[in-house]
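Q: One file is attached below, model01.cif, containing mmCIF, C-alpha atoms and all ligand atoms.
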data_protein
loop_
_atom_site.group_PDB
_atom_site.id
_atom_site.type_symbol
_atom_site.label_atom_id
_atom_site.label_comp_id
_atom_site.auth_asym_id
_atom_site.auth_seq_id
_atom_site.Cartn_x
_atom_site.Cartn_y
_atom_site.Cartn_z
ATOM 1 C CA MET A 191 12.992 -12.619 -5.261
ATOM 2 C CA THR A 192 11.488 -9.229 -4.628
ATOM 3 C CA ARG A 193 8.065 -9.324 -3.048
ATOM 4 C CA VAL A 194 5.956 -6.663 -4.704
ATOM 5 C CA ILE A 195 2.886 -6.116 -2.560
ATOM 6 C CA ALA A 196 -0.028 -4.054 -3.868
ATOM 7 C CA ILE A 197 -2.315 -2.699 -1.156
ATOM 8 C CA ALA A 198 -5.639 -2.482 -2.916
ATOM 9 C CA ASN A 199 -9.352 -2.006 -2.379
ATOM 10 C CA GLN A 200 -11.484 0.124 -4.691
ATOM 11 C CA LYS A 201 -13.572 1.245 -1.727
ATOM 12 C CA GLY A 202 -12.383 4.542 -0.282
ATOM 13 C CA GLY A 203 -11.041 4.895 3.225
ATOM 14 C CA THR A 204 -10.479 1.250 4.127
ATOM 15 C CA GLY A 205 -6.963 1.806 5.482
ATOM 16 C CA LYS A 206 -4.890 1.208 2.329
ATOM 17 C CA THR A 207 -2.533 4.126 2.826
ATOM 18 C CA THR A 208 -2.240 3.482 6.559
ATOM 19 C CA THR A 209 -1.346 -0.127 5.811
ATOM 20 C CA ALA A 210 1.097 0.756 3.007
ATOM 21 C CA VAL A 211 2.876 3.423 5.065
ATOM 22 C CA ASN A 212 3.288 1.311 8.193
ATOM 23 C CA LEU A 213 4.026 -1.945 6.411
ATOM 24 C CA ALA A 214 6.741 -0.307 4.290
ATOM 25 C CA ALA A 215 8.204 1.556 7.261
ATOM 26 C CA GLY A 216 8.080 -1.518 9.487
ATOM 27 C CA LEU A 217 9.834 -3.656 6.886
ATOM 28 C CA ALA A 218 12.452 -0.941 6.372
ATOM 29 C CA ARG A 219 13.000 -0.681 10.111
ATOM 30 C CA GLY A 220 14.680 -3.991 10.241
ATOM 31 C CA VAL A 221 12.180 -6.523 11.303
ATOM 32 C CA ASP A 222 14.133 -7.996 8.431
ATOM 33 C CA ASN A 223 17.400 -6.205 8.874
ATOM 34 C CA GLY A 224 19.256 -4.630 6.007
ATOM 35 C CA LYS A 225 16.575 -5.192 3.421
ATOM 36 C CA ARG A 226 15.786 -2.296 1.169
ATOM 37 C CA VAL A 227 12.168 -1.321 0.872
ATOM 38 C CA LEU A 228 10.453 0.833 -1.751
ATOM 39 C CA LEU A 229 7.064 2.438 -1.164
ATOM 40 C CA ILE A 230 5.252 3.449 -4.356
ATOM 41 C CA ASP A 231 2.440 5.964 -4.139
ATOM 42 C CA ALA A 232 0.120 5.081 -7.021
ATOM 43 C CA ASP A 233 -2.772 7.221 -5.733
ATOM 44 C CA PRO A 234 -3.408 10.743 -7.102
ATOM 45 C CA GLN A 235 -4.534 11.752 -3.602
ATOM 46 C CA ALA A 236 -0.824 11.358 -2.767
ATOM 47 C CA ASN A 237 -1.560 10.625 0.897
ATOM 48 C CA ALA A 238 1.433 8.340 1.458
ATOM 49 C CA THR A 239 3.647 10.963 -0.170
ATOM 50 C CA ALA A 240 2.236 13.616 2.162
ATOM 51 C CA VAL A 241 3.213 11.510 5.189
ATOM 52 C CA PHE A 242 6.851 11.094 4.218
ATOM 53 C CA LEU A 243 7.595 14.105 1.975
ATOM 54 C CA GLY A 244 5.080 16.646 3.248
ATOM 55 C CA VAL A 245 1.788 18.054 2.010
ATOM 56 C CA ALA A 246 3.504 20.757 -0.076
ATOM 57 C CA PHE A 247 5.315 18.129 -2.157
ATOM 58 C CA ALA A 248 2.187 15.983 -2.557
ATOM 59 C CA ALA A 249 -0.435 18.626 -3.185
ATOM 60 C CA GLY A 250 1.222 22.023 -3.511
ATOM 61 C CA PRO A 251 2.291 23.784 -6.717
ATOM 62 C CA ARG A 252 4.646 21.538 -8.661
ATOM 63 C CA GLN A 253 8.282 22.366 -7.980
ATOM 64 C CA PRO A 254 10.439 22.446 -11.128
ATOM 65 C CA GLY A 255 12.272 19.149 -11.479
ATOM 66 C CA ALA A 256 10.269 17.450 -8.733
ATOM 67 C CA ASP A 257 9.229 14.516 -10.886
ATOM 68 C CA THR A 258 6.924 11.866 -9.476
ATOM 69 C CA VAL A 259 5.430 8.514 -10.372
ATOM 70 C CA TYR A 260 3.372 10.391 -12.987
ATOM 71 C CA GLU A 261 6.428 11.090 -15.162
ATOM 72 C CA VAL A 262 7.634 7.536 -14.543
ATOM 73 C CA ILE A 263 4.354 5.963 -15.656
ATOM 74 C CA MET A 264 4.122 8.251 -18.685
ATOM 75 C CA GLY A 265 7.655 7.255 -19.684
ATOM 76 C CA ASN A 266 9.153 10.711 -19.173
ATOM 77 C CA ALA A 267 11.495 9.862 -16.271
ATOM 78 C CA GLU A 268 13.355 6.879 -14.888
ATOM 79 C CA ALA A 269 12.116 5.540 -11.539
ATOM 80 C CA GLU A 270 15.661 5.674 -10.220
ATOM 81 C CA GLN A 271 15.835 9.455 -10.724
ATOM 82 C CA VAL A 272 12.504 10.094 -9.063
ATOM 83 C CA ILE A 273 12.821 7.916 -5.969
ATOM 84 C CA LYS A 274 13.516 9.795 -2.728
ATOM 85 C CA THR A 275 15.172 8.201 0.268
ATOM 86 C CA VAL A 276 13.529 9.320 3.510
ATOM 87 C CA LYS A 277 14.835 8.878 7.022
ATOM 88 C CA LEU A 278 12.530 7.176 9.494
ATOM 89 C CA ASP A 279 12.941 8.566 13.008
ATOM 90 C CA ALA A 280 14.268 6.298 15.691
ATOM 91 C CA SER A 281 12.047 5.526 18.650
ATOM 92 C CA GLU A 282 12.461 3.620 21.903
ATOM 93 C CA ARG A 283 11.756 0.335 20.205
ATOM 94 C CA SER A 284 12.896 0.945 16.654
ATOM 95 C CA PRO A 285 16.239 2.012 15.285
ATOM 96 C CA GLU A 286 16.525 4.718 12.676
ATOM 97 C CA ALA A 287 16.040 3.436 9.147
ATOM 98 C CA SER A 288 15.684 4.656 5.616
ATOM 99 C CA LEU A 289 12.864 4.036 3.203
ATOM 100 C CA ASP A 290 12.792 4.679 -0.526
ATOM 101 C CA VAL A 291 9.652 6.413 -1.762
ATOM 102 C CA LEU A 292 8.457 6.764 -5.346
ATOM 103 C CA PRO A 293 6.191 9.721 -4.666
ATOM 104 C CA ALA A 294 2.965 10.960 -6.236
ATOM 105 C CA HIS A 295 1.505 14.405 -6.791
ATOM 106 C CA LEU A 296 -2.164 15.334 -7.266
ATOM 107 C CA GLU A 297 -1.519 15.660 -10.997
ATOM 108 C CA LEU A 298 -1.261 11.863 -11.216
ATOM 109 C CA ALA A 299 -5.046 12.033 -11.658
ATOM 110 C CA ALA A 300 -4.396 12.977 -15.301
ATOM 111 C CA ALA A 301 -2.624 9.669 -15.945
ATOM 112 C CA GLU A 302 -5.894 7.774 -15.584
ATOM 113 C CA LEU A 303 -7.088 9.433 -18.832
ATOM 114 C CA GLU A 304 -3.771 9.958 -20.563
ATOM 115 C CA LEU A 305 -2.962 6.261 -20.313
ATOM 116 C CA VAL A 306 -6.130 5.198 -22.124
ATOM 117 C CA PRO A 307 -4.698 5.313 -25.662
ATOM 118 C CA ALA A 308 -1.208 4.160 -24.627
ATOM 119 C CA PHE A 309 0.333 0.915 -25.880
ATOM 120 C CA GLU A 310 0.562 -1.669 -23.072
ATOM 121 C CA ARG A 311 -1.073 0.857 -20.792
ATOM 122 C CA GLU A 312 -1.513 -1.645 -17.936
ATOM 123 C CA ARG A 313 2.190 -2.486 -17.871
ATOM 124 C CA LYS A 314 3.687 0.977 -17.499
ATOM 125 C CA LEU A 315 4.541 0.714 -13.815
ATOM 126 C CA ARG A 316 5.803 -2.847 -14.157
ATOM 127 C CA GLN A 317 8.088 -1.863 -17.021
ATOM 128 C CA ALA A 318 9.375 1.189 -15.156
ATOM 129 C CA LEU A 319 10.293 -0.942 -12.135
ATOM 130 C CA GLU A 320 12.122 -3.657 -14.030
ATOM 131 C CA PRO A 321 15.573 -2.005 -14.012
ATOM 132 C CA ILE A 322 15.552 -1.385 -10.235
ATOM 133 C CA LEU A 323 13.527 -4.258 -8.852
ATOM 134 C CA ASP A 324 16.435 -6.433 -7.731
ATOM 135 C CA ARG A 325 17.712 -3.689 -5.396
ATOM 136 C CA TYR A 326 14.680 -4.239 -3.185
ATOM 137 C CA HIS A 327 13.470 -7.061 -1.032
ATOM 138 C CA PHE A 328 10.052 -5.489 -0.694
ATOM 139 C CA VAL A 329 8.090 -3.068 -2.828
ATOM 140 C CA VAL A 330 4.808 -1.829 -1.355
ATOM 141 C CA ILE A 331 2.313 -0.123 -3.696
ATOM 142 C CA ASP A 332 -0.421 2.113 -2.279
ATOM 143 C CA CYS A 333 -3.277 1.875 -4.806
ATOM 144 C CA PRO A 334 -6.060 4.441 -5.276
ATOM 145 C CA PRO A 335 -9.720 3.774 -4.359
ATOM 146 C CA SER A 336 -10.798 2.724 -7.850
ATOM 147 C CA LEU A 337 -10.403 -0.184 -10.236
ATOM 148 C CA GLY A 338 -9.065 2.123 -12.945
ATOM 149 C CA LEU A 339 -5.793 1.989 -14.834
ATOM 150 C CA LEU A 340 -3.645 3.083 -11.901
ATOM 151 C CA THR A 341 -4.841 0.215 -9.728
ATOM 152 C CA VAL A 342 -4.492 -2.181 -12.662
ATOM 153 C CA ASN A 343 -0.916 -0.903 -13.157
ATOM 154 C CA GLY A 344 -0.286 -1.611 -9.476
ATOM 155 C CA LEU A 345 -1.717 -5.134 -9.757
ATOM 156 C CA MET A 346 0.235 -5.831 -12.961
ATOM 157 C CA ALA A 347 3.466 -4.823 -11.236
ATOM 158 C CA ALA A 348 2.726 -6.887 -8.125
ATOM 159 C CA SER A 349 3.365 -10.464 -7.093
ATOM 160 C CA GLU A 350 0.736 -10.265 -4.370
ATOM 161 C CA VAL A 351 -2.183 -8.185 -3.161
ATOM 162 C CA ILE A 352 -3.123 -7.357 0.414
ATOM 163 C CA ILE A 353 -6.665 -6.090 0.911
ATOM 164 C CA PRO A 354 -7.533 -3.915 3.904
ATOM 165 C CA VAL A 355 -11.223 -4.080 4.802
ATOM 166 C CA GLU A 356 -13.036 -1.808 7.233
ATOM 167 C CA PRO A 357 -16.029 -3.022 9.247
ATOM 168 C CA GLY A 358 -19.411 -2.816 7.532
ATOM 169 C CA PHE A 359 -21.765 -4.289 4.984
ATOM 170 C CA PHE A 360 -20.783 -2.216 1.922
ATOM 171 C CA PRO A 361 -17.072 -3.075 2.127
ATOM 172 C CA LEU A 362 -17.953 -6.763 1.852
ATOM 173 C CA ILE A 363 -20.047 -6.241 -1.294
ATOM 174 C CA GLY A 364 -17.139 -4.514 -3.031
ATOM 175 C CA LEU A 365 -14.770 -7.404 -2.376
ATOM 176 C CA ARG A 366 -16.398 -9.598 -5.034
ATOM 177 C CA LEU A 367 -15.704 -6.961 -7.668
ATOM 178 C CA LEU A 368 -12.114 -6.621 -6.493
ATOM 179 C CA GLN A 369 -11.621 -10.396 -6.608
ATOM 180 C CA ARG A 370 -13.006 -10.436 -10.159
ATOM 181 C CA THR A 371 -10.579 -7.717 -11.203
ATOM 182 C CA ILE A 372 -7.680 -9.607 -9.626
ATOM 183 C CA GLU A 373 -8.721 -12.755 -11.510
ATOM 184 C CA MET A 374 -8.742 -10.763 -14.741
ATOM 185 C CA VAL A 375 -5.304 -9.269 -14.116
ATOM 186 C CA LYS A 376 -3.991 -12.752 -13.302
ATOM 187 C CA ARG A 377 -4.484 -13.776 -16.909
ATOM 188 C CA ALA A 378 -1.754 -11.307 -17.852
ATOM 189 C CA ASN A 379 0.222 -11.565 -14.585
ATOM 190 C CA PRO A 380 -0.121 -15.210 -13.459
ATOM 191 C CA ALA A 381 2.233 -14.715 -10.491
ATOM 192 C CA LEU A 382 -0.321 -12.466 -8.790
ATOM 193 C CA ARG A 383 -2.061 -13.873 -5.715
ATOM 194 C CA ILE A 384 -4.099 -12.500 -2.828
ATOM 195 C CA SER A 385 -1.717 -12.949 0.083
ATOM 196 C CA GLY A 386 -3.844 -11.476 2.803
ATOM 197 C CA VAL A 387 -6.943 -9.629 3.960
ATOM 198 C CA ILE A 388 -6.605 -7.233 6.887
ATOM 199 C CA PRO A 389 -9.586 -6.294 9.036
ATOM 200 C CA THR A 390 -8.853 -2.626 9.751
ATOM 201 C CA MET A 391 -10.400 -0.077 12.140
ATOM 202 C CA VAL A 392 -11.466 -2.902 14.365
ATOM 203 C CA ASP A 393 -13.479 -1.944 17.471
ATOM 204 C CA ARG A 394 -15.850 -3.662 19.864
ATOM 205 C CA THR A 395 -19.027 -3.143 17.879
ATOM 206 C CA ALA A 396 -21.273 -5.916 16.633
ATOM 207 C CA LEU A 397 -20.687 -4.671 13.079
ATOM 208 C CA THR A 398 -16.954 -5.313 13.423
ATOM 209 C CA ARG A 399 -17.639 -8.802 14.766
ATOM 210 C CA ASP A 400 -20.023 -9.593 11.897
ATOM 211 C CA THR A 401 -17.551 -8.308 9.336
ATOM 212 C CA GLN A 402 -14.768 -10.409 10.794
ATOM 213 C CA ASP A 403 -16.961 -13.526 10.823
ATOM 214 C CA GLN A 404 -17.841 -13.003 7.171
ATOM 215 C CA LEU A 405 -14.232 -12.321 6.196
ATOM 216 C CA ALA A 406 -13.124 -15.467 8.021
ATOM 217 C CA GLU A 407 -15.750 -17.443 6.140
ATOM 218 C CA SER A 408 -14.767 -16.045 2.742
ATOM 219 C CA PHE A 409 -11.000 -15.844 3.163
ATOM 220 C CA GLY A 410 -10.108 -18.328 5.923
ATOM 221 C CA GLU A 411 -6.339 -18.670 6.135
ATOM 222 C CA LEU A 412 -5.809 -15.471 4.175
ATOM 223 C CA LEU A 413 -7.052 -13.397 7.093
ATOM 224 C CA LEU A 414 -4.190 -11.393 8.591
ATOM 225 C CA PRO A 415 -3.925 -9.934 12.117
ATOM 226 C CA THR A 416 -6.351 -7.089 12.748
ATOM 227 C CA ILE A 417 -5.573 -3.395 13.141
ATOM 228 C CA PRO A 418 -7.553 -1.661 15.906
ATOM 229 C CA ARG A 419 -9.321 1.672 15.461
ATOM 230 C CA ARG A 420 -7.072 4.142 17.282
ATOM 231 C CA VAL A 421 -6.724 7.920 17.092
ATOM 232 C CA SER A 422 -2.935 7.620 17.212
ATOM 233 C CA ILE A 423 -2.949 6.110 13.708
ATOM 234 C CA GLY A 424 -4.317 9.303 12.151
ATOM 235 C CA GLU A 425 -2.161 11.447 14.429
ATOM 236 C CA ALA A 426 0.973 9.686 13.184
ATOM 237 C CA HIS A 427 0.092 10.612 9.572
ATOM 238 C CA ALA A 428 -0.364 14.238 10.540
ATOM 239 C CA ALA A 429 3.001 14.185 12.307
ATOM 240 C CA GLY A 430 4.664 12.809 9.169
ATOM 241 C CA GLN A 431 5.678 9.622 10.938
ATOM 242 C CA ASP A 432 5.021 5.935 10.789
ATOM 243 C CA ILE A 433 3.348 4.399 13.812
ATOM 244 C CA PHE A 434 6.619 2.918 15.121
ATOM 245 C CA ALA A 435 8.167 6.379 15.442
ATOM 246 C CA TYR A 436 5.014 8.113 16.618
ATOM 247 C CA ASP A 437 3.889 5.720 19.320
ATOM 248 C CA GLY A 438 6.261 2.781 19.345
ATOM 249 C CA ARG A 439 4.932 1.398 22.624
ATOM 250 C CA GLY A 440 1.248 1.775 21.816
ATOM 251 C CA GLU A 441 -1.286 -0.834 20.896
ATOM 252 C CA SER A 442 -1.352 0.298 17.246
ATOM 253 C CA ALA A 443 2.397 -0.213 16.818
ATOM 254 C CA ARG A 444 2.104 -3.636 18.422
ATOM 255 C CA ALA A 445 -0.707 -4.526 16.025
ATOM 256 C CA PHE A 446 1.354 -3.437 13.029
ATOM 257 C CA ALA A 447 4.401 -5.331 14.326
ATOM 258 C CA HIS A 448 2.266 -8.441 14.595
ATOM 259 C CA LEU A 449 0.899 -7.895 11.096
ATOM 260 C CA LEU A 450 4.409 -7.375 9.764
ATOM 261 C CA LYS A 451 5.678 -10.640 11.210
ATOM 262 C CA GLU A 452 2.813 -12.510 9.652
ATOM 263 C CA VAL A 453 3.325 -10.861 6.245
ATOM 264 C CA ILE A 454 7.017 -11.805 6.353
ATOM 265 C CA ARG A 455 6.239 -15.338 7.480
ATOM 266 C CA ARG A 456 3.859 -15.859 4.580
ATOM 267 C CA GLY A 457 6.399 -14.758 1.970
HETATM 268 N N1 LIG A 501 -6.916 1.777 12.427
HETATM 269 C C1 LIG A 501 -7.336 3.029 12.320
HETATM 270 N N2 LIG A 501 -7.814 3.695 13.391
HETATM 271 C C2 LIG A 501 -8.253 4.964 13.267
HETATM 272 N N3 LIG A 501 -8.231 5.660 12.133
HETATM 273 C C3 LIG A 501 -7.759 5.064 11.035
HETATM 274 C C4 LIG A 501 -7.279 3.722 11.064
HETATM 275 N N4 LIG A 501 -6.861 3.388 9.822
HETATM 276 C C5 LIG A 501 -7.066 4.469 9.054
HETATM 277 N N5 LIG A 501 -7.606 5.480 9.771
HETATM 278 C C6 LIG A 501 -8.001 6.792 9.280
HETATM 279 O O1 LIG A 501 -9.058 6.594 8.351
HETATM 280 C C7 LIG A 501 -8.875 7.398 7.213
HETATM 281 C C8 LIG A 501 -8.732 6.502 5.977
HETATM 282 O O2 LIG A 501 -7.561 5.723 6.107
HETATM 283 P P1 LIG A 501 -6.573 5.549 4.887
HETATM 284 O O3 LIG A 501 -6.248 6.863 4.287
HETATM 285 O O4 LIG A 501 -5.467 4.686 5.319
HETATM 286 O O5 LIG A 501 -7.534 4.741 3.905
HETATM 287 P P2 LIG A 501 -7.392 4.545 2.350
HETATM 288 O O6 LIG A 501 -8.026 3.251 2.041
HETATM 289 O O7 LIG A 501 -5.986 4.745 1.934
HETATM 290 O O8 LIG A 501 -8.261 5.753 1.784
HETATM 291 P P3 LIG A 501 -8.385 6.136 0.251
HETATM 292 O O9 LIG A 501 -9.309 5.103 -0.327
HETATM 293 O O10 LIG A 501 -8.989 7.509 0.257
HETATM 294 O O11 LIG A 501 -7.026 6.084 -0.346
HETATM 295 C C9 LIG A 501 -7.655 8.254 7.473
HETATM 296 O O12 LIG A 501 -8.069 9.479 7.985
HETATM 297 C C10 LIG A 501 -6.880 7.466 8.517
HETATM 298 O O13 LIG A 501 -6.113 8.286 9.347
HETATM 299 MG MG MG A 502 -5.189 5.961 0.429
#
For this file, produce the structure as structure tokens.
Ligand SMILES: Nc1ncnc2c1ncn2[C@@H]1O[C@H](COP(=O)(O)OP(=O)(O)OP(=O)(O)O)[C@@H](O)[C@H]1O
Ligand SMILES: [Mg+2]
A:
Amino acid sequence: MTRVIAIANQKGGTGKTTTAVNLAAGLARGVDNGKRVLLIDADPQANATAVFLGVAFAAGPRQPGADTVYEVIMGNAEAEQVIKTVKLDASERSPEASLDVLPAHLELAAAELELVPAFERERKLRQALEPILDRYHFVVIDCPPSLGLLTVNGLMAASEVIIPVEPGFFPLIGLRLLQRTIEMVKRANPALRISGVIPTMVDRTALTRDTQDQLAESFGELLLPTIPRRVSIGEAHAAGQDIFAYDGRGESARAFAHLLKEVIRRG
């Protein structure tokens, strides 16, 4: 069975893309050797696409023929034709690997409106993935910071949701709304479950400690290993690399490796 993991939180900047990029890359790198992994960028900001295919692809003028998840969702291209295979650089601790990416472009923003009158508008991504799903052991979907149709398409296509949460009071308030949305989607996609909550950008402040206490209280066993706040995480994005290539020996890579193991274990 393919595990389709949506990384979702309607709050902006909680570490969704960072989680999606490094989880997908880590899985592809052979923590689970030989398994194919697909990363889907479902966010019009196209940040995950920018990491692996460059900013020009994600946000520059559209190249002729460079279809993206937009065409796939709108039914104008097959996922198979749009997916790009990217090479992940080797590092001291990780062998070279390849990752499939279903990329986005800024124009995906239009889909949020264009989908409104469409028949089965919440199922577009799910339907588009059906023909290729069994090629992959893992599909990781980077959702946008909203509870709109793109996120709902991500949740409808998924078998599980992982929620990254940054320290603070506001992020906790938003979680109720997200849980309600997930419950609603579950009526149409009963297989969907929350498989984990990741405290991200963790530092030594009292706010981080409070947030973690509250998350532990609300989510208990669902709490996944934490990701520390480290400059290298942003630097890796800018370098177009996952954390394992950028700083394979660093604390951030170790944290993601730990997270990865736990995600695999809970499958
Ligand atoms: N653990 C971390 N340590 C330091 N910086 C981080 C960490 N995680 C993410 N960041 C930085 O915080 C910003 C937001 O992270 P990211 O883009 O992953 O969040 P997001 O939830 O995908 O945002 P959006 O809601 O806009 O899609 C980025 O600039 C990223 O580089
Ligand atoms: Mg993002």
Q: For CA of Leu319 in chain A and CA of Asn379 in chain A, quote the distance in Å rounded to one decimal.
A: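 Separation between CA of Leu319 in chain A and CA of Asn379 in chain A: 14.8 Å.
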Q: Hey, what comes out of the PyMOL selection byres (((chain A and resi 455) around 12) and not hetatm) on this file? Could you write it as a VMD selection string?
A: chain A and resid 221 to 222 385 to 386 414 448 to 454 456 to 457
Q: I need the output of the PyMOL selection byres (((not hetatm)) within 9 of (chain A and resi 501)) for this file as a PyMOL selection string; which residues are they?
A: chain A and resi 197-211+233-238+332-336+354-356+390-393+416-428+442
Q: Nearest to Val351 in chain A: which of A:Ile322, A:Val329, A:Leu228, A:Ala429 is it, counting all atoms listed in the file?
A: A:Val329
Q: I need the output of the PyMOL selection byres (((chain A and resi 257) around 9) and not hetatm) for this file as a PyMOL selection string; which residues are they?
A: chain A and resi 252-256+258-262+267+271-273+293-295
Q: From the options A:Ile433, A:Ser284, A:Ile331, A:Leu296, which residue's atoms come nearest to Leu345 in chain A, counting all atoms listed in the file?
A: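 Going through A:Ile433, A:Ser284, A:Ile331, A:Leu296 one by one, the smallest distance to Leu345 in chain A is for A:Ile331.
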Q: Mind giving me the straight-line distance from CA of Leu339 in chain A to CA of Glu302 in chain A in Å, one decimal?
A: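 Those two atoms sit 5.8 Å apart.
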Q: Go ahead and compute the interatomic distance for CA of Phe328 in chain A and CA of Ala218 in chain A, in Å to one decimal.
A: 8.7 Å
Q: Using only C-alpha atoms, which of A:Asp290, A:Leu413, A:Leu217, A:Leu303 sits nearest Glu270 in chain A?
A: A:Asp290
Q: Skip Ile263 in chain A itself and residues of its chain fewer than 4 positions away, then list as a count of residues only all residues within 7 Å of it, counting only C-alpha atoms.
A: 4
Q: Give the centre and edge lengths of an axis-aligned box, in Å to one decimal, that holds all listed atoms of range 391-404 of chain A with 4 Å on each side, as lines of an AutoDock Vina configuration file.
A:
center_x = -15.8
center_y = -6.8
center_z = 13.5
size_x = 18.9
size_y = 21.4
size_z = 20.7
Q: I'd like to know which of A:His327, A:Arg219, A:Arg226, A:Arg394 is closest to Asp279 in chain A, using only C-alpha atoms.
A: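 Selected residue with least distance to Asp279 in chain A: A:Arg219.
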Q: Go through A:Ala378, A:Ala214, A:Met191, A:Ala232 and flag the residue nearest ligand MG 502 (chain A), using all atoms listed in the file for the distances.
A: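 So, comparing all the options, the nearest one is A:Ala232.
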Q: Taking all atoms listed in the file into account, name the residue in A:Pro307, A:Gly250, A:Asn266, A:Thr341 that is nearest to ligand MG 502 (chain A).
A: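 Result for the nearest residue to ligand MG 502 (chain A): A:Thr341.
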Q: Which neighbours of Arg383 in chain A fall inside 12 Å, counting only C-alpha atoms, when residues of the same chain fewer than 2 positions from it are skipped, and could you give them as a list in words?
A: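 Once the adjacent positions are removed, what remains is Arg193, Val194, Ile195, Ala196, Leu345, Met346, Ala347, Ala348, Ser349, Glu350, Val351, Ile352, Ile353, Gln369, Thr371, Ile372, Glu373, Met374, Val375, Lys376, Arg377, Asn379, Pro380, Ala381, Ser385, Gly386, Val387, Leu412 and Gly457 of chain A.
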